[in-house]
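Colleague: Mind having a look at this structure? Questions to follow.
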Amino acid sequence: LAHTVVVGETSAGGASEASGAFSSPKKETENASSPGHDARACYSFCMCPGGQIVPTSTDPDELCVNGMSFSKRNSEWANSGLVSAISFDDAFSFCAESDDDDDDDDATSSSDDDDASRLERLRARSPLVGLDFQRKIERAAAKMGGGDLVVPVQTAPDFLEGRLTDVANLPRSSYRLGVKPARLDTLYPKAVTEAVKASLRAFDKQMPGYAGQQALL
(Lines give C-alpha, C1' and ligand atoms only; values in the text may rest on other atoms or scores of the structure.)
Protein backbone atom coordinates (compact mmCIF):
# COMPACT_ATOMS: atom_id res chain seq x y z
CA LEU A 1 0.00 0.00 0.00
CA ALA A 2 1.60 3.27 -1.13
CA HIS A 3 0.61 6.83 -0.21
CA THR A 4 1.68 10.33 -1.09
CA VAL A 5 3.82 12.25 1.37
CA VAL A 6 0.74 13.80 3.02
CA VAL A 7 -0.18 10.57 4.77
CA GLY A 8 3.50 9.82 5.28
CA GLU A 9 3.90 13.02 7.29
CA THR A 10 1.05 12.00 9.57
CA SER A 11 2.40 8.51 10.22
CA ALA A 12 6.09 9.36 10.37
CA GLY A 13 5.95 12.35 12.68
CA GLY A 14 6.48 15.17 10.19
CA ALA A 15 8.66 16.13 7.24
CA SER A 16 11.53 18.53 6.85
CA GLU A 17 10.42 21.79 5.22
CA ALA A 18 13.75 22.17 3.45
CA SER A 19 14.15 18.78 1.85
CA GLY A 20 10.82 16.99 2.16
CA ALA A 21 12.64 14.18 3.97
CA PHE A 22 10.88 12.33 6.75
CA SER A 23 11.96 12.56 10.36
CA SER A 24 11.33 10.25 13.33
CA PRO A 25 9.82 7.38 11.32
CA LYS A 26 7.77 4.96 13.33
CA LYS A 27 6.10 1.66 12.67
CA GLU A 28 2.34 1.44 12.32
CA THR A 29 1.10 -1.17 14.76
CA GLU A 30 -2.67 -0.89 14.83
CA ASN A 31 -4.77 -3.76 13.55
CA ALA A 32 -8.36 -4.55 12.73
CA SER A 33 -10.34 -7.71 12.24
CA SER A 34 -12.75 -8.54 9.47
CA PRO A 35 -16.40 -8.86 10.52
CA GLY A 36 -18.36 -12.08 10.55
CA HIS A 37 -17.69 -15.71 11.40
CA ASP A 38 -14.25 -15.85 9.79
CA ALA A 39 -12.89 -12.73 11.49
CA ARG A 40 -9.11 -12.44 11.46
CA ALA A 41 -6.55 -9.76 12.23
CA CYS A 42 -4.82 -7.69 9.57
CA TYR A 43 -1.79 -5.59 10.49
CA SER A 44 0.28 -2.94 8.78
CA PHE A 45 4.02 -3.43 8.93
CA CYS A 46 7.34 -2.19 7.55
CA MET A 47 6.43 1.46 7.13
CA CYS A 48 8.85 2.97 4.58
CA PRO A 49 8.72 6.80 4.69
CA GLY A 50 9.99 8.58 1.61
CA GLY A 51 10.09 5.21 -0.08
CA GLN A 52 9.68 3.32 -3.32
CA ILE A 53 7.99 0.12 -4.56
CA VAL A 54 10.43 -2.26 -6.28
CA PRO A 55 10.09 -5.60 -8.14
CA THR A 56 11.18 -8.73 -6.24
CA SER A 57 9.98 -11.49 -8.59
CA THR A 58 12.09 -14.63 -8.95
CA ASP A 59 10.23 -16.04 -11.98
CA PRO A 60 9.21 -14.23 -15.20
CA ASP A 61 5.71 -15.72 -14.96
CA GLU A 62 5.21 -14.55 -11.38
CA LEU A 63 4.91 -11.08 -9.90
CA CYS A 64 6.02 -9.91 -6.48
CA VAL A 65 6.91 -6.44 -5.19
CA ASN A 66 8.26 -4.97 -1.98
CA GLY A 67 8.65 -1.55 -0.40
CA MET A 68 11.88 0.17 0.62
CA SER A 69 13.38 3.55 1.45
CA PHE A 70 16.71 4.97 0.36
CA SER A 71 18.85 6.45 3.14
CA LYS A 72 17.63 10.02 2.59
CA ARG A 73 13.95 8.97 2.70
CA ASN A 74 13.11 11.93 0.47
CA SER A 75 10.72 10.61 -2.18
CA GLU A 76 7.13 11.88 -2.25
CA TRP A 77 5.73 8.48 -1.28
CA ALA A 78 5.37 6.33 1.81
CA ASN A 79 4.56 2.62 1.64
CA SER A 80 3.73 -0.18 4.03
CA GLY A 81 2.57 -3.77 3.91
CA LEU A 82 -0.75 -5.19 5.07
CA VAL A 83 -0.55 -8.68 6.56
CA SER A 84 -3.44 -11.05 7.21
CA ALA A 85 -3.30 -14.51 8.74
CA ILE A 86 -3.45 -17.47 6.33
CA SER A 87 -4.40 -20.93 7.57
CA PHE A 88 -3.56 -24.28 6.01
CA ASP A 89 -7.24 -24.64 5.08
CA ASP A 90 -7.12 -21.27 3.31
CA ALA A 91 -4.14 -22.33 1.22
CA PHE A 92 -5.48 -25.82 0.57
CA SER A 93 -8.93 -24.62 -0.56
CA PHE A 94 -7.48 -21.83 -2.69
CA CYS A 95 -5.01 -24.13 -4.45
CA ALA A 96 -7.72 -26.75 -5.00
CA GLU A 97 -9.71 -24.33 -7.15
CA SER A 98 -9.35 -25.02 -10.87
CA ASP A 99 -6.83 -22.92 -12.77
CA ASP A 100 -6.93 -23.58 -16.50
CA ASP A 101 -3.58 -21.90 -17.09
CA ASP A 102 -1.62 -23.67 -14.35
CA ASP A 103 0.73 -26.16 -16.02
CA ASP A 104 2.99 -26.85 -13.03
CA ASP A 105 2.64 -30.56 -12.22
CA ASP A 106 4.17 -29.98 -8.80
CA ALA A 107 1.60 -27.37 -7.87
CA THR A 108 -2.15 -27.52 -8.51
CA SER A 109 -3.31 -30.06 -11.10
CA SER A 110 -4.21 -29.15 -14.67
CA SER A 111 -7.80 -28.44 -15.65
CA ASP A 112 -8.09 -31.94 -17.16
CA ASP A 113 -7.77 -33.59 -13.76
CA ASP A 114 -10.93 -34.25 -11.81
CA ASP A 115 -11.46 -32.81 -8.34
CA ALA A 116 -10.47 -36.02 -6.56
CA SER A 117 -7.14 -36.18 -8.38
CA ARG A 118 -6.49 -32.51 -7.66
CA LEU A 119 -7.13 -32.92 -3.94
CA GLU A 120 -5.01 -36.08 -3.82
CA ARG A 121 -2.05 -34.24 -5.32
CA LEU A 122 -2.44 -31.37 -2.89
CA ARG A 123 -2.59 -33.69 0.11
CA ALA A 124 0.60 -35.37 -1.07
CA ARG A 125 2.23 -31.93 -1.17
CA SER A 126 0.73 -30.73 2.11
CA PRO A 127 4.01 -29.46 3.62
CA LEU A 128 4.47 -27.25 0.54
CA VAL A 129 0.91 -26.04 0.01
CA GLY A 130 1.91 -22.63 1.36
CA LEU A 131 4.38 -22.27 -1.51
CA ASP A 132 1.71 -23.40 -3.98
CA PHE A 133 -0.57 -20.73 -2.51
CA GLN A 134 2.10 -18.05 -2.98
CA ARG A 135 2.91 -19.21 -6.52
CA LYS A 136 -0.73 -19.19 -7.60
CA ILE A 137 -1.27 -15.64 -6.34
CA GLU A 138 1.94 -14.35 -7.92
CA ARG A 139 1.05 -15.93 -11.27
CA ALA A 140 -2.44 -14.44 -11.15
CA ALA A 141 -0.96 -11.03 -10.31
CA ALA A 142 1.43 -11.28 -13.26
CA LYS A 143 -1.49 -12.00 -15.61
CA MET A 144 -3.45 -9.07 -14.19
CA GLY A 145 -0.51 -6.80 -14.96
CA GLY A 146 -0.13 -8.17 -18.48
CA GLY A 147 3.50 -9.25 -18.12
CA ASP A 148 6.88 -7.48 -18.23
CA LEU A 149 6.68 -6.92 -14.45
CA VAL A 150 3.88 -4.38 -14.88
CA VAL A 151 2.04 -4.23 -11.56
CA PRO A 152 -1.77 -4.44 -11.21
CA VAL A 153 -3.05 -1.64 -8.97
CA GLN A 154 -6.29 -0.37 -7.46
CA THR A 155 -6.98 2.72 -5.37
CA ALA A 156 -8.06 2.03 -1.80
CA PRO A 157 -11.62 3.39 -2.34
CA ASP A 158 -12.07 1.19 -5.41
CA PHE A 159 -10.68 -1.83 -3.55
CA LEU A 160 -13.22 -1.22 -0.79
CA GLU A 161 -16.08 -0.83 -3.27
CA GLY A 162 -15.02 -3.69 -5.56
CA ARG A 163 -14.60 -1.76 -8.78
CA LEU A 164 -11.90 -1.25 -11.40
CA THR A 165 -9.99 2.01 -11.04
CA ASP A 166 -10.30 4.38 -13.99
CA VAL A 167 -6.82 4.97 -15.39
CA ALA A 168 -7.55 8.71 -15.31
CA ASN A 169 -7.93 8.49 -11.52
CA LEU A 170 -4.70 6.62 -10.82
CA PRO A 171 -2.34 8.53 -8.53
CA ARG A 172 1.32 8.64 -9.53
CA SER A 173 3.29 5.61 -8.41
CA SER A 174 6.92 5.15 -7.34
CA TYR A 175 7.02 1.82 -9.20
CA ARG A 176 9.19 2.39 -12.26
CA LEU A 177 8.18 -0.52 -14.52
CA GLY A 178 4.58 0.52 -14.97
CA VAL A 179 1.19 -0.05 -13.37
CA LYS A 180 -2.17 -1.19 -14.73
CA PRO A 181 -5.66 -0.92 -13.15
CA ALA A 182 -6.97 -4.31 -12.02
CA ARG A 183 -9.48 -5.85 -9.61
CA LEU A 184 -7.11 -6.68 -6.76
CA ASP A 185 -10.16 -7.26 -4.59
CA THR A 186 -10.60 -10.54 -6.51
CA LEU A 187 -6.98 -11.70 -6.26
CA TYR A 188 -6.95 -13.19 -2.75
CA PRO A 189 -9.30 -15.54 -0.86
CA LYS A 190 -12.45 -13.74 0.28
CA ALA A 191 -11.57 -13.93 3.99
CA VAL A 192 -8.22 -12.24 3.35
CA THR A 193 -9.79 -9.53 1.21
CA GLU A 194 -12.42 -8.81 3.87
CA ALA A 195 -9.73 -8.57 6.56
CA VAL A 196 -7.77 -6.06 4.48
CA LYS A 197 -10.92 -4.03 3.83
CA ALA A 198 -11.76 -3.92 7.54
CA SER A 199 -8.25 -2.75 8.37
CA LEU A 200 -8.28 -0.05 5.71
CA ARG A 201 -11.53 1.34 7.13
CA ALA A 202 -10.21 1.20 10.70
CA PHE A 203 -6.92 2.89 9.80
CA ASP A 204 -8.73 5.58 7.83
CA LYS A 205 -10.72 6.54 10.94
CA GLN A 206 -7.50 6.90 12.94
CA MET A 207 -5.50 8.53 10.13
CA PRO A 208 -7.84 10.31 7.69
CA GLY A 209 -6.60 9.85 4.14
CA TYR A 210 -5.01 6.46 4.78
CA ALA A 211 -7.62 4.82 2.53
CA GLY A 212 -8.23 7.89 0.38
CA GLN A 213 -7.97 8.38 -3.36
CA GLN A 214 -4.18 8.82 -3.18
CA ALA A 215 -3.70 5.44 -1.49
CA LEU A 216 -2.71 2.82 -4.06
CA LEU A 217 -2.67 -0.93 -3.54
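Each chain in the C-alpha coordinates gets a letter, A, B, ..., in the order shown, and its residues are numbered from 1; ligands are numbered from 1 in order too.
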Tell me, as JSON, numbers by chain, which residues lie within 12 Å of Thr58 in chain A, counting only C-alpha atoms; anything in the same chain fewer than 5 positions away does not count.

Modeller: {"A": [63, 64, 65, 135, 138, 139, 142, 149]}

Colleague: From the list A:Gln52, A:Ser199, A:Ser126, A:Gln154, which residue is nearest Leu177 in chain A when using only C-alpha atoms?

Modeller: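 Nearest to Leu177 in chain A: A:Gln52.
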
Colleague: Within 7 Å of range 87-95 of chain A, counting only C-alpha atoms, which residues qualify if same-chain residues fewer than 4 places away don't, as a list in words?

Modeller: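 The residues that qualify are Thr108, Val129, Gly130, Asp132, Phe133 and Pro189 of chain A.
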
Colleague: Point out the residue among A:Val150, A:Ala78, A:Ala198, A:Val83 with the least atom-to-atom distance to Pro181 in chain A, counting only C-alpha atoms.

Modeller: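 Closest to Pro181 in chain A, using only C-alpha atoms: A:Val150.
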
Colleague: Could you pull the residues within 9 Å of Ala141 in chain A, counting only C-alpha atoms, minus those fewer than 6 positions along the same chain, as a list of chain:residue names?

Modeller: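 Close residues of Ala141 in chain A: A:Glu62, A:Leu63, A:Cys64, A:Val151, A:Pro152, A:Leu184, A:Leu187.
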
Colleague: Just N, CA and C atoms for this one: save the residues we selected as a CSV table (one decimal), in the first residue's frame.

Modeller:
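Writing done, so here's result.csv:
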```
chain,number,residue,atom,x,y,z
A,62,GLU,N,5.8,-14.9,-12.7
A,62,GLU,CA,5.2,-14.5,-11.4
A,62,GLU,C,5.5,-13.1,-11.1
A,63,LEU,N,4.7,-12.5,-10.2
A,63,LEU,CA,4.9,-11.1,-9.9
A,63,LEU,C,4.9,-10.9,-8.4
A,64,CYS,N,5.9,-10.2,-7.9
A,64,CYS,CA,6.0,-9.9,-6.5
A,64,CYS,C,6.7,-8.6,-6.4
A,151,VAL,N,2.7,-3.9,-12.8
A,151,VAL,CA,2.0,-4.2,-11.6
A,151,VAL,C,0.6,-3.8,-11.6
A,152,PRO,N,-0.3,-4.8,-11.3
A,152,PRO,CA,-1.8,-4.4,-11.2
A,152,PRO,C,-2.0,-3.6,-10.0
A,184,LEU,N,-7.9,-6.0,-7.8
A,184,LEU,CA,-7.1,-6.7,-6.8
A,184,LEU,C,-8.0,-7.3,-5.7
A,187,LEU,N,-8.2,-10.9,-6.2
A,187,LEU,CA,-7.0,-11.7,-6.3
A,187,LEU,C,-6.8,-12.7,-5.1
```

Colleague: Have a look at A:Gly178, A:Gln213, A:Ala191, A:Arg201 and name the one nearest to Asp166 in chain A; count only C-alpha atoms.

Modeller: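 Closest residue, counting only C-alpha atoms: A:Gln213.
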
Colleague: Hey, which of A:Cys48, A:Leu131, A:Met207, A:Ala140 ends up closest to Phe70 in chain A? Count only C-alpha atoms.

Modeller: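 For Phe70 in chain A, the nearest of the candidates is A:Cys48.
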